[in-house]
$ cat coords.cif   # mmCIF, C-alpha atoms
data_model
loop_
_atom_site.group_PDB
_atom_site.id
_atom_site.type_symbol
_atom_site.label_atom_id
_atom_site.label_comp_id
_atom_site.auth_asym_id
_atom_site.auth_seq_id
_atom_site.Cartn_x
_atom_site.Cartn_y
_atom_site.Cartn_z
ATOM 1 C CA MET A 1 -17.894 6.625 -4.563
ATOM 2 C CA SER A 2 -14.584 5.622 -6.073
ATOM 3 C CA ASP A 3 -14.972 7.982 -9.031
ATOM 4 C CA LYS A 4 -14.612 10.905 -6.622
ATOM 5 C CA VAL A 5 -11.280 9.677 -5.371
ATOM 6 C CA ALA A 6 -8.178 10.840 -7.098
ATOM 7 C CA MET A 7 -4.894 9.056 -6.731
ATOM 8 C CA MET A 8 -1.744 10.680 -7.894
ATOM 9 C CA MET A 9 1.915 10.004 -7.657
ATOM 10 C CA SER A 10 4.723 12.474 -7.587
ATOM 11 C CA GLN A 11 8.418 12.097 -7.083
ATOM 12 C CA ALA A 12 9.945 14.654 -4.773
ATOM 13 C CA ASP A 13 7.719 17.384 -6.175
ATOM 14 C CA ALA A 14 9.018 16.766 -9.680
ATOM 15 C CA GLY A 15 5.458 16.815 -10.933
ATOM 16 C CA ASN A 16 6.010 14.718 -14.055
ATOM 17 C CA ASP A 17 4.668 11.297 -14.866
ATOM 18 C CA SER A 18 7.878 9.301 -14.905
ATOM 19 C CA PRO A 19 7.833 5.564 -15.567
ATOM 20 C CA GLU A 20 8.711 5.031 -11.911
ATOM 21 C CA GLN A 21 5.760 7.099 -10.779
ATOM 22 C CA GLN A 22 3.424 5.188 -13.029
ATOM 23 C CA ALA A 23 4.841 1.893 -11.808
ATOM 24 C CA LEU A 24 4.467 2.915 -8.184
ATOM 25 C CA MET A 25 0.929 4.021 -8.787
ATOM 26 C CA GLN A 26 0.172 0.600 -10.191
ATOM 27 C CA VAL A 27 1.788 -1.013 -7.146
ATOM 28 C CA VAL A 28 -0.453 0.889 -4.769
ATOM 29 C CA VAL A 29 -3.554 0.280 -6.827
ATOM 30 C CA ASP A 30 -2.754 -3.432 -6.858
ATOM 31 C CA LEU A 31 -2.057 -3.406 -3.143
ATOM 32 C CA MET A 32 -5.395 -1.785 -2.499
ATOM 33 C CA ARG A 33 -6.932 -4.617 -4.495
ATOM 34 C CA GLY A 34 -4.952 -7.123 -2.483
ATOM 35 C CA ASN A 35 -2.353 -7.971 -5.109
ATOM 36 C CA ILE A 36 1.217 -7.207 -4.177
ATOM 37 C CA VAL A 37 3.423 -6.722 -7.206
ATOM 38 C CA THR A 38 6.775 -5.186 -6.432
ATOM 39 C CA VAL A 39 8.467 -2.455 -4.447
ATOM 40 C CA LEU A 40 9.757 0.851 -5.679
ATOM 41 C CA LEU A 41 11.283 3.628 -3.678
ATOM 42 C CA GLY A 42 12.089 7.283 -3.936
ATOM 43 C CA ALA A 43 8.567 8.442 -4.705
ATOM 44 C CA THR A 44 5.672 9.929 -2.851
ATOM 45 C CA VAL A 45 2.276 8.319 -2.968
ATOM 46 C CA CYS A 46 -0.469 10.908 -2.865
ATOM 47 C CA VAL A 47 -4.100 10.026 -2.279
ATOM 48 C CA GLU A 48 -6.915 12.540 -2.269
ATOM 49 C CA ALA A 49 -10.416 11.921 -1.018
ATOM 50 C CA PRO A 50 -13.337 14.102 0.009
ATOM 51 C CA GLY A 51 -13.078 15.157 3.625
ATOM 52 C CA GLU A 52 -16.206 13.270 4.552
ATOM 53 C CA ILE A 53 -16.263 10.462 7.073
ATOM 54 C CA ALA A 54 -17.661 8.055 4.490
ATOM 55 C CA TYR A 55 -14.305 8.195 2.675
ATOM 56 C CA ARG A 56 -12.295 7.186 5.707
ATOM 57 C CA HIS A 57 -11.765 3.676 4.346
ATOM 58 C CA VAL A 58 -10.174 5.022 1.162
ATOM 59 C CA ILE A 59 -7.461 6.822 3.073
ATOM 60 C CA LEU A 60 -6.920 3.900 5.435
ATOM 61 C CA ARG A 61 -6.622 1.352 2.646
ATOM 62 C CA ALA A 62 -4.010 3.482 0.937
ATOM 63 C CA ALA A 63 -2.091 3.892 4.195
ATOM 64 C CA ALA A 64 -2.235 0.149 4.849
ATOM 65 C CA ALA A 65 -1.004 -0.571 1.340
ATOM 66 C CA VAL A 66 1.944 1.779 1.687
ATOM 67 C CA CYS A 67 2.775 0.291 5.086
ATOM 68 C CA LYS A 68 3.125 -3.065 3.366
ATOM 69 C CA LEU A 69 5.454 -1.477 0.857
ATOM 70 C CA ALA A 70 7.518 0.099 3.612
ATOM 71 C CA ILE A 71 7.801 -3.161 5.558
ATOM 72 C CA THR A 72 8.671 -5.067 2.413
ATOM 73 C CA ARG A 73 11.393 -2.586 1.637
ATOM 74 C CA ALA A 74 12.837 -2.620 5.145
ATOM 75 C CA CYS A 75 12.652 -6.366 5.668
ATOM 76 C CA GLY A 76 13.270 -7.626 2.168
ATOM 77 C CA ARG A 77 10.150 -9.752 2.079
ATOM 78 C CA ARG A 78 6.436 -9.347 1.802
ATOM 79 C CA ALA A 79 4.873 -9.064 5.199
ATOM 80 C CA PRO A 80 1.421 -9.381 6.716
ATOM 81 C CA ALA A 81 -0.090 -6.500 8.634
ATOM 82 C CA ASP A 82 1.868 -6.112 11.846
ATOM 83 C CA GLY A 83 2.300 -3.680 14.698
ATOM 84 C CA PHE A 84 3.841 -1.063 12.452
ATOM 85 C CA SER A 85 0.916 -1.135 10.041
ATOM 86 C CA HIS A 86 -1.638 -1.205 12.831
ATOM 87 C CA GLN A 87 -0.090 1.835 14.462
ATOM 88 C CA VAL A 88 0.170 3.856 11.271
ATOM 89 C CA VAL A 89 -3.384 3.002 10.206
ATOM 90 C CA SER A 90 -4.674 3.878 13.674
ATOM 91 C CA ALA A 91 -2.960 7.264 13.641
ATOM 92 C CA VAL A 92 -4.043 8.101 10.097
ATOM 93 C CA GLY A 93 -7.598 7.093 10.933
ATOM 94 C CA GLU A 94 -7.706 9.397 13.930
ATOM 95 C CA ALA A 95 -6.233 12.241 11.896
ATOM 96 C CA PHE A 96 -8.840 11.710 9.173
ATOM 97 C CA ASN A 97 -11.606 11.648 11.796
ATOM 98 C CA ASN A 98 -10.413 14.972 13.161
ATOM 99 C CA ILE A 99 -10.504 16.537 9.730
ATOM 100 C CA ALA A 100 -13.859 15.118 8.641
ATOM 101 C CA LEU A 101 -15.656 15.543 11.973
ATOM 102 C CA HIS A 102 -14.048 18.723 13.299
ATOM 103 C CA SER A 103 -11.991 20.611 10.761
ATOM 104 C CA TYR A 104 -14.776 20.583 8.155
ATOM 105 C CA ARG A 105 -17.637 20.758 10.641
ATOM 106 C CA GLY A 106 -20.120 23.468 9.810
ATOM 107 C CA ARG A 107 -18.607 24.228 6.435
ATOM 108 C CA PRO A 108 -18.598 22.578 3.020
ATOM 109 C CA SER A 109 -16.081 19.783 3.130
ATOM 110 C CA ASP A 110 -13.067 20.010 0.897
ATOM 111 C CA ILE A 111 -10.479 17.351 0.205
ATOM 112 C CA VAL A 112 -8.120 15.424 2.433
ATOM 113 C CA ARG A 113 -4.761 14.800 0.846
ATOM 114 C CA LEU A 114 -2.443 12.113 2.198
ATOM 115 C CA ARG A 115 1.140 12.010 0.950
ATOM 116 C CA MET A 116 3.294 9.088 2.003
ATOM 117 C CA THR A 117 7.003 8.769 1.400
ATOM 118 C CA ILE A 118 8.912 5.566 2.025
ATOM 119 C CA GLU A 119 12.492 5.789 3.165
ATOM 120 C CA PRO A 120 14.556 2.703 3.962
ATOM 121 C CA THR A 121 13.411 2.424 7.581
ATOM 122 C CA VAL A 122 10.999 5.335 7.961
ATOM 123 C CA LEU A 123 7.553 6.133 6.626
ATOM 124 C CA HIS A 124 6.650 9.816 6.376
ATOM 125 C CA LEU A 125 3.012 10.828 6.099
ATOM 126 C CA ILE A 126 1.610 14.290 5.442
ATOM 127 C CA MET A 127 -2.101 15.011 5.720
ATOM 128 C CA GLU A 128 -3.508 18.228 4.356
ATOM 129 C CA ASP A 129 -6.937 19.776 4.680
ATOM 130 C CA TYR A 130 -8.554 23.159 4.105
ATOM 131 C CA GLY A 131 -10.803 23.334 7.144
ATOM 132 C CA ALA A 132 -10.516 24.949 10.536
ATOM 133 C CA GLY A 133 -7.123 24.164 11.936
ATOM 134 C CA PHE A 134 -6.481 22.334 15.154
ATOM 135 C CA ASP A 135 -3.023 21.986 16.614
ATOM 136 C CA PRO A 136 -2.638 18.521 18.143
ATOM 137 C CA HIS A 137 0.051 19.845 20.454
ATOM 138 C CA THR A 138 -2.539 21.940 22.285
ATOM 139 C CA ALA A 139 -4.726 18.955 23.117
ATOM 140 C CA ARG A 140 -4.859 17.842 26.737
ATOM 141 C CA VAL A 141 -3.514 14.447 27.654
ATOM 142 C CA PRO A 142 -6.568 12.379 28.615
ATOM 143 C CA ASP A 143 -6.886 10.906 32.089
ATOM 144 C CA LEU A 144 -7.024 7.239 31.143
ATOM 145 C CA GLU A 145 -7.900 6.245 34.704
ATOM 146 C CA ALA A 146 -11.200 8.093 34.270
ATOM 147 C CA LEU A 147 -12.088 6.011 31.186
ATOM 148 C CA PRO A 148 -12.788 8.934 28.850
ATOM 149 C CA GLU A 149 -15.279 8.373 26.054
ATOM 150 C CA SER A 150 -13.861 11.092 23.809
ATOM 151 C CA GLY A 151 -10.780 13.223 23.339
ATOM 152 C CA LEU A 152 -8.597 10.205 22.591
ATOM 153 C CA GLY A 153 -7.747 10.766 18.927
ATOM 154 C CA ILE A 154 -4.831 13.142 19.375
ATOM 155 C CA PHE A 155 -3.478 11.028 22.205
ATOM 156 C CA ILE A 156 -3.520 7.971 19.945
ATOM 157 C CA ILE A 157 -1.726 9.843 17.154
ATOM 158 C CA ARG A 158 0.968 11.213 19.417
ATOM 159 C CA SER A 159 1.441 7.907 21.208
ATOM 160 C CA LEU A 160 1.856 5.826 18.076
ATOM 161 C CA MET A 161 3.927 8.107 15.866
ATOM 162 C CA ASP A 162 7.602 8.948 16.374
ATOM 163 C CA GLU A 163 7.228 12.515 15.142
ATOM 164 C CA VAL A 164 4.154 14.729 14.916
ATOM 165 C CA THR A 165 4.220 18.297 13.645
ATOM 166 C CA TYR A 166 1.387 20.582 12.623
ATOM 167 C CA GLN A 167 1.233 23.770 10.624
ATOM 168 C CA GLN A 168 -2.014 25.668 10.395
ATOM 169 C CA GLY A 169 -2.759 27.400 7.108
ATOM 170 C CA ARG A 170 -4.120 26.815 3.643
ATOM 171 C CA PRO A 171 -3.801 23.911 3.756
ATOM 172 C CA ASN A 172 -3.389 22.762 7.326
ATOM 173 C CA VAL A 173 -0.492 20.315 7.317
ATOM 174 C CA LEU A 174 -0.125 17.432 9.758
ATOM 175 C CA SER A 175 3.191 15.615 9.391
ATOM 176 C CA LEU A 176 3.730 12.179 10.876
ATOM 177 C CA SER A 177 6.757 9.907 10.865
ATOM 178 C CA LYS A 178 7.092 6.329 11.960
ATOM 179 C CA ARG A 179 10.288 4.284 12.063
ATOM 180 C CA ILE A 180 10.346 0.581 11.284
ATOM 181 C CA ARG A 181 12.143 -0.860 14.271
ATOM 182 C CA GLU A 182 11.785 -4.554 13.622
ATOM 183 C CA CYS A 183 10.556 -6.988 11.067
ATOM 184 C CA PRO A 184 7.536 -9.185 11.672
ATOM 185 C CA SER A 185 8.755 -12.344 13.354
ATOM 186 C CA GLU A 186 7.008 -14.689 10.967
ATOM 187 C CA LEU A 187 9.050 -13.494 8.012
ATOM 188 C CA PRO A 188 11.414 -16.133 6.652
ATOM 189 C CA ARG A 189 15.059 -15.243 6.632
ATOM 190 C CA VAL A 190 16.409 -13.796 3.402
ATOM 191 C CA SER A 191 19.896 -13.295 2.106
ATOM 192 C CA GLY A 192 21.719 -10.162 3.100
ATOM 193 C CA LYS A 193 23.306 -8.857 6.243
ATOM 194 C CA ARG A 194 20.907 -7.645 8.903
ATOM 195 C CA THR A 195 21.487 -4.902 11.375
ATOM 196 C CA LYS A 196 21.100 -5.354 15.113
ATOM 197 C CA ASN A 197 17.455 -4.369 14.994
ATOM 198 C CA GLY A 198 16.678 -6.962 12.338
ATOM 199 C CA LEU A 199 16.348 -4.613 9.388
ATOM 200 C CA LEU A 200 17.815 -5.616 6.062
ATOM 201 C CA ASN A 201 21.060 -3.852 5.274
ATOM 202 C CA ARG A 202 21.477 -3.676 1.513
ATOM 203 C CA MET B 1 -19.320 -3.594 9.882
ATOM 204 C CA ASP B 2 -21.763 -6.281 10.888
ATOM 205 C CA PHE B 3 -23.113 -6.933 14.325
ATOM 206 C CA SER B 4 -25.562 -9.211 16.055
ATOM 207 C CA THR B 5 -26.920 -9.775 19.528
ATOM 208 C CA ASP B 6 -28.290 -12.727 21.404
ATOM 209 C CA ARG B 7 -29.585 -13.160 24.901
ATOM 210 C CA ALA B 8 -29.289 -16.465 26.736
ATOM 211 C CA ASP B 9 -28.857 -17.629 30.328
ATOM 212 C CA GLY B 10 -28.817 -14.115 31.669
ATOM 213 C CA VAL B 11 -26.039 -13.014 29.354
ATOM 214 C CA ALA B 12 -26.448 -10.614 26.469
ATOM 215 C CA THR B 13 -23.792 -10.997 23.796
ATOM 216 C CA LEU B 14 -22.978 -8.307 21.264
ATOM 217 C CA ARG B 15 -20.825 -9.513 18.365
ATOM 218 C CA ILE B 16 -19.216 -6.889 16.167
ATOM 219 C CA GLU B 17 -17.304 -7.727 12.991
ATOM 220 C CA GLY B 18 -15.213 -5.650 10.629
ATOM 221 C CA GLU B 19 -14.644 -2.042 11.607
ATOM 222 C CA LEU B 20 -16.017 -0.210 14.627
ATOM 223 C CA ASP B 21 -15.267 3.404 13.851
ATOM 224 C CA ALA B 22 -16.729 6.834 13.252
ATOM 225 C CA VAL B 23 -18.429 5.528 10.119
ATOM 226 C CA SER B 24 -20.134 2.524 11.683
ATOM 227 C CA ILE B 25 -20.908 3.784 15.188
ATOM 228 C CA PRO B 26 -24.268 5.335 14.191
ATOM 229 C CA ASP B 27 -25.409 1.881 13.047
ATOM 230 C CA VAL B 28 -24.588 0.030 16.259
ATOM 231 C CA ARG B 29 -25.363 2.787 18.742
ATOM 232 C CA PRO B 30 -29.129 2.049 18.952
ATOM 233 C CA THR B 31 -28.315 -1.567 19.828
ATOM 234 C CA ILE B 32 -25.948 -0.438 22.574
ATOM 235 C CA ASP B 33 -28.631 1.874 23.905
ATOM 236 C CA ALA B 34 -31.133 -0.994 23.854
ATOM 237 C CA LEU B 35 -28.805 -3.297 25.806
ATOM 238 C CA ILE B 36 -28.420 -0.612 28.447
ATOM 239 C CA ALA B 37 -32.172 0.017 28.605
ATOM 240 C CA GLU B 38 -32.788 -3.705 29.171
ATOM 241 C CA HIS B 39 -30.510 -3.653 32.231
ATOM 242 C CA HIS B 40 -28.774 -6.925 31.482
ATOM 243 C CA PRO B 41 -26.709 -8.001 34.487
ATOM 244 C CA ARG B 42 -23.964 -9.319 32.226
ATOM 245 C CA ILE B 43 -23.042 -8.138 28.743
ATOM 246 C CA VAL B 44 -20.311 -9.788 26.686
ATOM 247 C CA VAL B 45 -18.906 -7.938 23.687
ATOM 248 C CA ASP B 46 -17.351 -10.438 21.289
ATOM 249 C CA LEU B 47 -14.755 -8.685 19.125
ATOM 250 C CA SER B 48 -12.986 -11.781 17.824
ATOM 251 C CA ARG B 49 -13.851 -10.800 14.249
ATOM 252 C CA LEU B 50 -13.197 -7.103 14.622
ATOM 253 C CA ARG B 51 -10.428 -5.873 12.310
ATOM 254 C CA LEU B 52 -10.250 -2.199 13.197
ATOM 255 C CA ILE B 53 -11.371 0.142 15.940
ATOM 256 C CA ASP B 54 -10.886 3.870 16.380
ATOM 257 C CA SER B 55 -11.435 6.277 19.246
ATOM 258 C CA SER B 56 -15.127 6.582 18.339
ATOM 259 C CA GLY B 57 -15.562 2.829 18.653
ATOM 260 C CA VAL B 58 -13.671 2.789 21.923
ATOM 261 C CA GLY B 59 -15.851 5.612 23.199
ATOM 262 C CA ALA B 60 -19.019 3.663 22.454
ATOM 263 C CA LEU B 61 -17.753 0.594 24.331
ATOM 264 C CA VAL B 62 -16.654 2.664 27.311
ATOM 265 C CA PHE B 63 -20.082 4.305 27.283
ATOM 266 C CA LEU B 64 -21.671 0.855 27.407
ATOM 267 C CA TYR B 65 -19.366 -0.174 30.267
ATOM 268 C CA LYS B 66 -20.112 2.925 32.331
ATOM 269 C CA LYS B 67 -23.865 2.846 31.799
ATOM 270 C CA ALA B 68 -24.064 -0.844 32.706
ATOM 271 C CA LYS B 69 -21.997 -0.217 35.809
ATOM 272 C CA GLU B 70 -24.501 2.444 36.910
ATOM 273 C CA TYR B 71 -27.223 -0.188 37.303
ATOM 274 C CA GLY B 72 -24.851 -2.848 38.601
ATOM 275 C CA GLY B 73 -24.232 -4.633 35.329
ATOM 276 C CA VAL B 74 -20.935 -6.033 34.137
ATOM 277 C CA VAL B 75 -19.509 -5.605 30.629
ATOM 278 C CA THR B 76 -16.581 -7.662 29.398
ATOM 279 C CA VAL B 77 -14.853 -7.716 26.028
ATOM 280 C CA GLN B 78 -13.457 -10.905 24.568
ATOM 281 C CA GLY B 79 -11.596 -12.023 21.457
ATOM 282 C CA LEU B 80 -9.514 -8.904 20.888
ATOM 283 C CA ARG B 81 -6.518 -9.236 18.587
ATOM 284 C CA ASP B 82 -4.296 -7.243 16.258
ATOM 285 C CA GLN B 83 -5.113 -3.540 15.855
ATOM 286 C CA PRO B 84 -8.075 -3.468 18.265
ATOM 287 C CA LEU B 85 -6.005 -5.174 20.961
ATOM 288 C CA SER B 86 -3.158 -2.703 20.525
ATOM 289 C CA ILE B 87 -5.566 0.228 20.893
ATOM 290 C CA PHE B 88 -7.101 -1.293 24.033
ATOM 291 C CA LYS B 89 -3.651 -1.732 25.539
ATOM 292 C CA LEU B 90 -2.595 1.779 24.581
ATOM 293 C CA LEU B 91 -5.672 3.216 26.281
ATOM 294 C CA ARG B 92 -5.248 0.802 29.193
ATOM 295 C CA LEU B 93 -8.708 -0.605 28.700
ATOM 296 C CA ASP B 94 -7.460 -4.169 28.759
ATOM 297 C CA ARG B 95 -7.269 -4.049 32.561
ATOM 298 C CA VAL B 96 -10.922 -2.969 32.814
ATOM 299 C CA LEU B 97 -12.820 -4.542 29.975
ATOM 300 C CA LEU B 98 -11.031 -7.699 28.906
ATOM 301 C CA ALA B 99 -12.548 -10.963 30.088
#
$ encode --input "coords.cif" --output "structure tokens"
Amino acid sequence: MSDKVAMMMSQADAGNDSPEQQALMQVVVDLMRGNIVTVLLGATVCVEAPGEIAYRHVILRAAAAVCKLAITRACGRRAPADGFSHQVVSAVGEAFNNIALHSYRGRPSDIVRLRMTIEPTVLHLIMEDYGAGFDPHTARVPDLEALPESGLGIFIIRSLMDEVTYQQGRPNVLSLSKRIRECPSELPRVSGKRTKNGLLNR
Amino acid sequence: MDFSTDRADGVATLRIEGELDAVSIPDVRPTIDALIAEHHPRIVVDLSRLRLIDSSGVGALVFLYKKAKEYGGVVTVQGLRDQPLSIFKLLRLDRVLLA
């Protein structure tokens, strides 16, 4: 399965294989193997996988790895999976489900591309697919009192992300942003002045 | 995802480990259907070793809850933590399903 998965790095659409890009790629690969190495910024991590549900874990592992990078950058220390990571992984998982189960339904599946950009206290994620488009802003808000068994994916995405935009086309582009509002409480204190919300100010 | 069931003292327990999502639901769905068909008065879903759940997994558990309720059965979920717990709270299922 893994031989069908392409992982690429690019820096602000520069398109060349700079040493920083190569280093970041190694960071993410190591993170996906469970080995945290270091943190680099200013680049976009791009992961491509077939738009089939069996590849869901590939996209989620990459998202989880980049969440760790983002938290480490914001808090100045390695961090275990926390609320931020859980929320991002949940939203990305629902978005991938929508693509694999709905966007590519009834047609040959193409790729899903996930681009993730780390800023000091924000993680931006862009998911692209080439299937039938579906605007999440047109989805009805589910009646949670009625205990719905379906129709929850878009609600989860919109509830957990700070910003959600969608552009239908070739490809369809779903853009998500999530701010890091606080550091995990179990992190030891590190040197440096912290802002009111606990983020490291460097 | 791994899962197991046992039945003792009038309680059927379904333990699910790992990830309960769109990938794994087809594997566990026949077991959920079987628990419903057996009309157990009390079903406990142990998710203490569940790492990840998505809307598909939630849908399957709500399905189990509703079907059991139809014949007078009770379904409770126990052991939730981390990402699964946050999804249950977001969808306000903690007030209905948590033991």
$ closest_atom_pairs --input "coords.cif" --of "chain A" --to "chain B" --cutoff "6 Å" --atoms "all atoms listed in the file" --output "CSV"
residue,atom,partner,partner_atom,distance
A:His86,CA,B:Gln83,CA,5.2
A:Glu149,CA,B:Gly59,CA,4.0
A:Ser150,CA,B:Gly59,CA,5.9
A:Leu152,CA,B:Ser55,CA,5.9
A:Gly153,CA,B:Ser55,CA,5.8
$ atom_distance --input "coords.cif" --atom1 "atom CA of B:Val44" --atom2 "atom CA of B:Arg29"
15.7 Å
$ resolve_selection --input "coords.cif" --expression "the PyMOL selection byres ((chain B and resi 72) around 12)" --output "compact mmCIF listing (two decimals) with C-alpha atoms, keeping the file's coordinate frame"
# COMPACT_ATOMS: atom_id res chain seq x y z
CA ILE B 36 -28.42 -0.61 28.45
CA HIS B 39 -30.51 -3.65 32.23
CA HIS B 40 -28.77 -6.92 31.48
CA PRO B 41 -26.71 -8.00 34.49
CA ARG B 42 -23.96 -9.32 32.23
CA ILE B 43 -23.04 -8.14 28.74
CA TYR B 65 -19.37 -0.17 30.27
CA LYS B 66 -20.11 2.92 32.33
CA LYS B 67 -23.86 2.85 31.80
CA ALA B 68 -24.06 -0.84 32.71
CA LYS B 69 -22.00 -0.22 35.81
CA GLU B 70 -24.50 2.44 36.91
CA TYR B 71 -27.22 -0.19 37.30
CA GLY B 73 -24.23 -4.63 35.33
CA VAL B 74 -20.94 -6.03 34.14
CA VAL B 75 -19.51 -5.60 30.63
$ atom_distance --input "coords.cif" --atom1 "atom CA of B:Arg81" --atom2 "atom CA of B:Gly18"
12.3 Å
$ atom_distance --input "coords.cif" --atom1 "atom CA of A:Ala95" --atom2 "atom CA of A:Val112"
10.2 Å
$ residues_around --input "coords.cif" --residues "B:Val45" --least-positions-apart "3" --cutoff "10 Å" --atoms "all atoms listed in the file" --output "ChimeraX atom specification"
/B:5,12-16,48,61,64,75-80,97-99
$ residues_around --input "coords.cif" --residues "B:Glu17" --least-positions-apart "2" --cutoff "7 Å" --atoms "only C-alpha atoms" --output "JSON, numbers by chain"
{"B": [1, 2, 3, 15, 19, 47, 49, 50]}
$ closest_residue --input "coords.cif" --among "B:Leu20, B:Leu35, B:Val28, B:Leu85" --to "B:Asp6" --atoms "all atoms listed in the file"
B:Leu35
$ closest_residue --input "coords.cif" --among "A:Gly76, A:Gly106, A:Asn98, A:Leu114" --to "A:Ala63" --atoms "all atoms listed in the file"
A:Leu114
$ closest_residue --input "coords.cif" --among "A:Cys46, A:Ile126, A:Ile157, A:Ala74" --to "A:Arg179" --atoms "all atoms listed in the file"
A:Ala74
$ residues_around --input "coords.cif" --residues "A:Gly133" --least-positions-apart "6" --cutoff "7 Å" --atoms "only C-alpha atoms" --output "number ranges by chain"
A: 103, 168, 172
$ write_last_selection --input "coords.cif" --atoms "C-alpha atoms" --output "PDB file, in the frame of the given file"
ATOM      1  CA  SER A 103     -11.991  20.611  10.761  1.00  0.00           C
ATOM      2  CA  GLN A 168      -2.014  25.668  10.395  1.00  0.00           C
ATOM      3  CA  ASN A 172      -3.389  22.762   7.326  1.00  0.00           C
TER       4      ASN A 172
END
$ resolve_selection --input "coords.cif" --expression "the PyMOL selection byres ((chain A and resi 89) around 9)" --output "ChimeraX atom specification"
/A:60-61,63-64,67,84-88,90-94 /B:83
$ closest_residue --input "coords.cif" --among "A:Ser175, A:Ser185, A:Val141, A:Pro50" --to "A:Ile111" --atoms "all atoms listed in the file"
A:Pro50
$ decode --input "coords.cif" --residues "stretch 51-62 of chain B" --atoms "C-alpha atoms" --output "PDB file, in the first residue's frame"
ATOM      1  CA  ARG B  51      -7.977   5.616  20.037  1.00  0.00           C
ATOM      2  CA  LEU B  52     -10.073   7.160  17.291  1.00  0.00           C
ATOM      3  CA  ILE B  53     -13.689   7.370  16.225  1.00  0.00           C
ATOM      4  CA  ASP B  54     -15.323   9.140  13.304  1.00  0.00           C
ATOM      5  CA  SER B  55     -18.902   9.923  12.367  1.00  0.00           C
ATOM      6  CA  SER B  56     -19.310   6.448  10.850  1.00  0.00           C
ATOM      7  CA  GLY B  57     -18.316   4.844  14.138  1.00  0.00           C
ATOM      8  CA  VAL B  58     -20.619   7.141  16.060  1.00  0.00           C
ATOM      9  CA  GLY B  59     -23.437   6.281  13.681  1.00  0.00           C
ATOM     10  CA  ALA B  60     -22.993   2.566  14.308  1.00  0.00           C
ATOM     11  CA  LEU B  61     -23.126   3.034  18.090  1.00  0.00           C
ATOM     12  CA  VAL B  62     -26.194   5.251  17.875  1.00  0.00           C
TER      13      VAL B  62
END
